[in-house]
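K.L.:
Contents of entry_22.pdb (PDB, C-alpha atoms) are given next:
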ATOM      1  CA  LEU A 114     197.476  95.069 -38.675
ATOM      2  CA  LYS A 115     197.759  92.160 -41.112
ATOM      3  CA  THR A 116     197.206  94.558 -43.991
ATOM      4  CA  ALA A 117     199.902  96.889 -42.658
ATOM      5  CA  PHE A 118     202.375  94.016 -42.416
ATOM      6  CA  SER A 119     201.490  92.832 -45.900
ATOM      7  CA  GLU A 120     202.128  96.330 -47.266
ATOM      8  CA  LEU A 121     205.434  96.505 -45.432
ATOM      9  CA  VAL A 122     206.581  93.135 -46.766
ATOM     10  CA  ALA A 123     205.358  93.779 -50.329
ATOM     11  CA  GLN A 124     207.516  96.877 -50.823
ATOM     12  CA  ALA A 125     205.288  97.869 -53.752
ATOM     13  CA  ALA A 126     205.053 101.406 -55.095
ATOM     14  CA  GLY A 127     203.606 103.660 -52.409
ATOM     15  CA  SER A 128     203.942 101.037 -49.688
ATOM     16  CA  GLY A 129     205.760 103.434 -47.329
ATOM     17  CA  GLY A 130     202.891 105.895 -47.241
ATOM     18  CA  MET A 131     200.296 103.151 -47.158
ATOM     19  CA  THR A 132     202.068 101.351 -44.278
ATOM     20  CA  THR A 133     202.324 104.589 -42.287
ATOM     21  CA  ALA A 134     198.615 105.277 -42.783
ATOM     22  CA  LEU A 135     197.634 101.727 -41.830
ATOM     23  CA  ILE A 136     199.835 101.665 -38.702
ATOM     24  CA  THR A 137     198.360 105.010 -37.657
ATOM     25  CA  GLN A 138     194.863 103.558 -38.097
ATOM     26  CA  VAL A 139     195.806 100.515 -35.998
ATOM     27  CA  LEU A 140     197.174 102.706 -33.194
ATOM     28  CA  VAL A 141     194.112 104.958 -33.176
ATOM     29  CA  THR A 142     191.841 101.898 -33.060
ATOM     30  CA  VAL A 143     193.799 100.403 -30.139
ATOM     31  CA  LEU A 144     193.717 103.699 -28.238
ATOM     32  CA  ARG A 145     189.970 104.079 -28.819
ATOM     33  CA  ARG A 146     189.324 100.562 -27.574
ATOM     34  CA  SER A 147     191.508 101.152 -24.528
ATOM     35  CA  LEU A 148     189.405 104.142 -23.532
ATOM     36  CA  SER A 149     186.161 102.161 -23.532
ATOM     37  CA  SER A 150     187.457  98.817 -22.319
ATOM     38  CA  THR A 151     187.944  97.311 -18.878
ATOM     39  CA  ASP A 152     190.737  95.192 -20.279
ATOM     40  CA  LEU A 153     194.404  95.368 -19.291
ATOM     41  CA  TRP A 154     195.074  98.001 -21.993
ATOM     42  CA  VAL A 155     193.368 100.658 -19.890
ATOM     43  CA  GLU A 156     195.652  99.879 -16.981
ATOM     44  CA  ARG A 157     198.728  99.860 -19.179
ATOM     45  CA  PHE A 158     197.968 103.263 -20.696
ATOM     46  CA  SER A 159     196.813 104.963 -17.515
ATOM     47  CA  MET A 160     199.900 104.105 -15.529
ATOM     48  CA  LEU A 161     202.350 105.505 -18.085
ATOM     49  CA  SER A 162     201.955 108.969 -16.599
ATOM     50  CA  ASP A 163     203.307 107.997 -13.158
ATOM     51  CA  PRO A 164     206.450 105.812 -13.072
ATOM     52  CA  GLN A 165     206.292 105.298  -9.293
ATOM     53  CA  ILE A 166     202.744 103.968  -9.488
ATOM     54  CA  ALA A 167     203.717 101.951 -12.571
ATOM     55  CA  ARG A 168     206.479 100.269 -10.548
ATOM     56  CA  ALA A 169     204.019  99.119  -7.871
ATOM     57  CA  PHE A 170     201.412  98.084 -10.432
ATOM     58  CA  SER A 171     204.003  96.106 -12.388
ATOM     59  CA  ASP A 172     204.878  94.221  -9.215
ATOM     60  CA  MET A 173     201.188  93.464  -8.653
ATOM     61  CA  VAL A 174     200.830  92.146 -12.221
ATOM     62  CA  ALA A 175     204.060  90.143 -12.131
ATOM     63  CA  ARG A 176     203.316  88.581  -8.734
ATOM     64  CA  PRO A 177     199.554  88.643  -8.123
ATOM     65  CA  GLY A 178     199.812  85.906  -5.493
ATOM     66  CA  ALA A 179     202.434  87.701  -3.405
ATOM     67  CA  PRO A 180     201.410  88.987   0.030
ATOM     68  CA  HIS A 181     200.985  92.589  -1.147
ATOM     69  CA  SER A 182     199.718  95.250   1.215
ATOM     70  CA  VAL A 183     199.327  98.988   0.823
ATOM     71  CA  GLN A 184     202.489  99.385   2.876
ATOM     72  CA  THR A 185     204.611  97.009   0.743
ATOM     73  CA  LEU A 186     203.293  98.543  -2.486
ATOM     74  CA  ALA A 187     203.999 102.056  -1.190
ATOM     75  CA  HIS A 188     207.531 100.924  -0.361
ATOM     76  CA  THR A 189     207.932  99.460  -3.866
ATOM     77  CA  SER A 190     206.819 102.764  -5.375
ATOM     78  CA  GLY A 191     209.105 104.796  -3.128
ATOM     79  CA  LEU A 192     206.194 106.827  -1.772
ATOM     80  CA  SER A 193     204.643 107.299   1.634
ATOM     81  CA  ARG A 194     201.534 105.239   2.309
ATOM     82  CA  SER A 195     199.199 108.240   2.012
ATOM     83  CA  ALA A 196     200.857 109.608  -1.161
ATOM     84  CA  PHE A 197     200.766 106.136  -2.716
ATOM     85  CA  MET A 198     197.065 105.653  -1.892
ATOM     86  CA  ALA A 199     196.142 109.046  -3.326
ATOM     87  CA  ARG A 200     198.167 108.710  -6.530
ATOM     88  CA  PHE A 201     197.204 105.084  -7.145
ATOM     89  CA  SER A 202     193.509 105.835  -6.661
ATOM     90  CA  GLU A 203     193.782 108.865  -8.944
ATOM     91  CA  THR A 204     195.512 106.814 -11.647
ATOM     92  CA  PHE A 205     193.233 103.754 -11.554
ATOM     93  CA  GLY A 206     190.022 105.090 -10.081
ATOM     94  CA  ASN A 207     190.126 102.346  -7.425
ATOM     95  CA  SER A 208     192.130 101.524  -4.333
ATOM     96  CA  PRO A 209     195.263  99.376  -4.673
ATOM     97  CA  MET A 210     193.577  96.447  -2.915
ATOM     98  CA  THR A 211     190.565  96.592  -5.244
ATOM     99  CA  VAL A 212     192.843  96.560  -8.290
ATOM    100  CA  LEU A 213     194.903  93.748  -6.758
ATOM    101  CA  ARG A 214     191.762  91.687  -6.188
ATOM    102  CA  GLN A 215     190.775  92.234  -9.845
ATOM    103  CA  LEU A 216     194.244  91.163 -10.988
ATOM    104  CA  ARG A 217     194.131  88.091  -8.772
ATOM    105  CA  MET A 218     190.731  87.085 -10.121
ATOM    106  CA  ARG A 219     191.918  87.541 -13.721
ATOM    107  CA  HIS A 220     194.964  85.435 -12.933
ATOM    108  CA  ALA A 221     192.790  82.724 -11.391
ATOM    109  CA  ALA A 222     190.448  82.780 -14.394
ATOM    110  CA  GLN A 223     193.397  82.435 -16.776
ATOM    111  CA  LEU A 224     194.730  79.481 -14.787
ATOM    112  CA  LEU A 225     191.295  77.855 -14.819
ATOM    113  CA  GLU A 226     191.035  78.293 -18.594
ATOM    114  CA  ALA A 227     194.588  77.190 -19.351
ATOM    115  CA  ASN A 228     195.106  74.009 -17.381
ATOM    116  CA  SER A 229     193.720  71.553 -14.916
ATOM    117  CA  ILE A 230     195.624  72.267 -11.714
ATOM    118  CA  GLY A 231     193.500  72.001  -8.615
ATOM    119  CA  ILE A 232     191.389  74.805  -7.189
ATOM    120  CA  ASP A 233     193.509  74.888  -4.013
ATOM    121  CA  ARG A 234     196.679  75.498  -6.038
ATOM    122  CA  ILE A 235     194.958  78.174  -8.103
ATOM    123  CA  ALA A 236     193.743  79.842  -4.901
ATOM    124  CA  LYS A 237     197.328  79.943  -3.575
ATOM    125  CA  ALA A 238     198.662  81.222  -6.921
ATOM    126  CA  ALA A 239     196.065  83.995  -6.750
ATOM    127  CA  GLY A 240     197.171  84.999  -3.256
ATOM    128  CA  TYR A 241     194.518  83.276  -1.165
ATOM    129  CA  ASN A 242     195.513  81.055   1.752
ATOM    130  CA  SER A 243     191.932  79.978   2.339
ATOM    131  CA  ARG A 244     189.939  78.042  -0.246
ATOM    132  CA  SER A 245     186.693  79.480   1.117
ATOM    133  CA  SER A 246     187.963  83.076   0.803
ATOM    134  CA  PHE A 247     189.033  82.374  -2.763
ATOM    135  CA  LEU A 248     185.676  80.788  -3.633
ATOM    136  CA  ARG A 249     183.777  83.780  -2.220
ATOM    137  CA  ALA A 250     185.957  86.262  -4.107
ATOM    138  CA  PHE A 251     185.714  84.289  -7.356
ATOM    139  CA  ARG A 252     181.928  83.968  -7.096
ATOM    140  CA  LYS A 253     181.658  87.698  -6.481
ATOM    141  CA  ALA A 254     183.890  88.502  -9.477
ATOM    142  CA  TYR A 255     182.490  85.982 -11.987
ATOM    143  CA  GLY A 256     179.093  84.966 -10.621
ATOM    144  CA  CYS A 257     179.929  81.260 -10.510
ATOM    145  CA  ASP A 258     182.187  78.716  -8.835
ATOM    146  CA  PRO A 259     185.696  78.213 -10.265
ATOM    147  CA  SER A 260     184.847  74.641 -11.322
ATOM    148  CA  ASP A 261     181.796  75.882 -13.262
ATOM    149  CA  TYR A 262     183.917  78.615 -14.842
ATOM    150  CA  ARG A 263     186.494  76.023 -15.928
ATOM    151  CA  ALA A 264     183.805  73.753 -17.383
ATOM    152  CA  ALA A 265     182.273  76.642 -19.346
ATOM    153  CA  ALA A 266     185.708  77.698 -20.644
ATOM    154  CA  ARG A 267     186.438  74.133 -21.789
ATOM    155  CA  LYS A 268     183.036  73.873 -23.451
ATOM    156  CA  GLN A 269     183.614  77.153 -25.276
ATOM    157  CA  SER A 270     187.112  76.060 -26.316
ATOM    158  CA  VAL A 271     185.769  72.820 -27.785
ATOM    159  CA  GLY A 272     182.987  74.745 -29.546
ATOM    160  CA  ASN A 273     185.494  77.190 -31.063
ATOM    161  CA  SER A 274     187.719  74.412 -32.347
ATOM    162  CA  LEU A 275     184.892  72.722 -34.272
TER     163      LEU A 275
END
The structure in this file should be written as structure tokens.
P.N.:
Amino acid sequence: LKTAFSELVAQAAGSGGMTTALITQVLVTVLRRSLSSTDLWVERFSMLSDPQIARAFSDMVARPGAPHSVQTLAHTSGLSRSAFMARFSETFGNSPMTVLRQLRMRHAAQLLEANSIGIDRIAKAAGYNSRSSFLRAFRKAYGCDPSDYRAAARKQSVGNSL
């Protein structure tokens, strides 16, 4: 991508063709990675085919801590509960609540890595009213307690900055 931008800025002879080829290579690489990754890219690409499911998923991503339920997400999508469940599961390969739990855990992990707000506040931000429920879900998702995850993220951050 840096090379493509450099070509675009340079405006040297043949830069148009070179930039087009490089951008195409970048897009193909991103698409290939999205097909083999469990990252957010997979979710972003898979939902493009169904705008109603995309609407519900976008709400889940934008507000992971909200009190979502299958019924509220179906309403957001403008579908019946059964049609929403079927189409969501077909699009993502998991139920809406499983995907929501994954999004909530990612959100919690990002909060743990980014700042030092308390575990109780992170649990609430991730949609958990009970600290113990949050701890169980986090341990299941990441194999460690949130405080251990935060410590490891800080240690890695310090190691990367050296």
K.L.:
Just checking: using only C-alpha atoms, which residue out of A:Gly231, A:Gly130, A:Gly191, A:Gly178 ends up closest to Leu213 (chain A)?
P.N.:
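The answer is A:Gly178, which sits nearest to Leu213 (chain A).
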K.L.:
Grab the CA of Met218 (chain A) to CA of Asp163 (chain A) distance for me, in Å with one decimal place.
P.N.:
24.6 Å
K.L.:
Using the chain letters and numbering of this document, enumerate as an MDAnalysis selection string the residues selected by the PyMOL selection byres ((chain A and resi 238) around 12).
P.N.:
chainID A and resid 175:180 216:225 230:237 239:244 247
K.L.:
Do a neighbour search on Thr185 (chain A) at 12 Å with all atoms listed in the file, toss out local chain neighbours closer than 6 positions, and write the hits as number ranges by chain.
P.N.:
A: 168-170, 172-173, 179, 191-194, 197-198, 209-210
K.L.:
Provide the CA of Val174 (chain A) to CA of Ser245 (chain A) distance in Å, to one decimal place.
P.N.:
23.2 Å
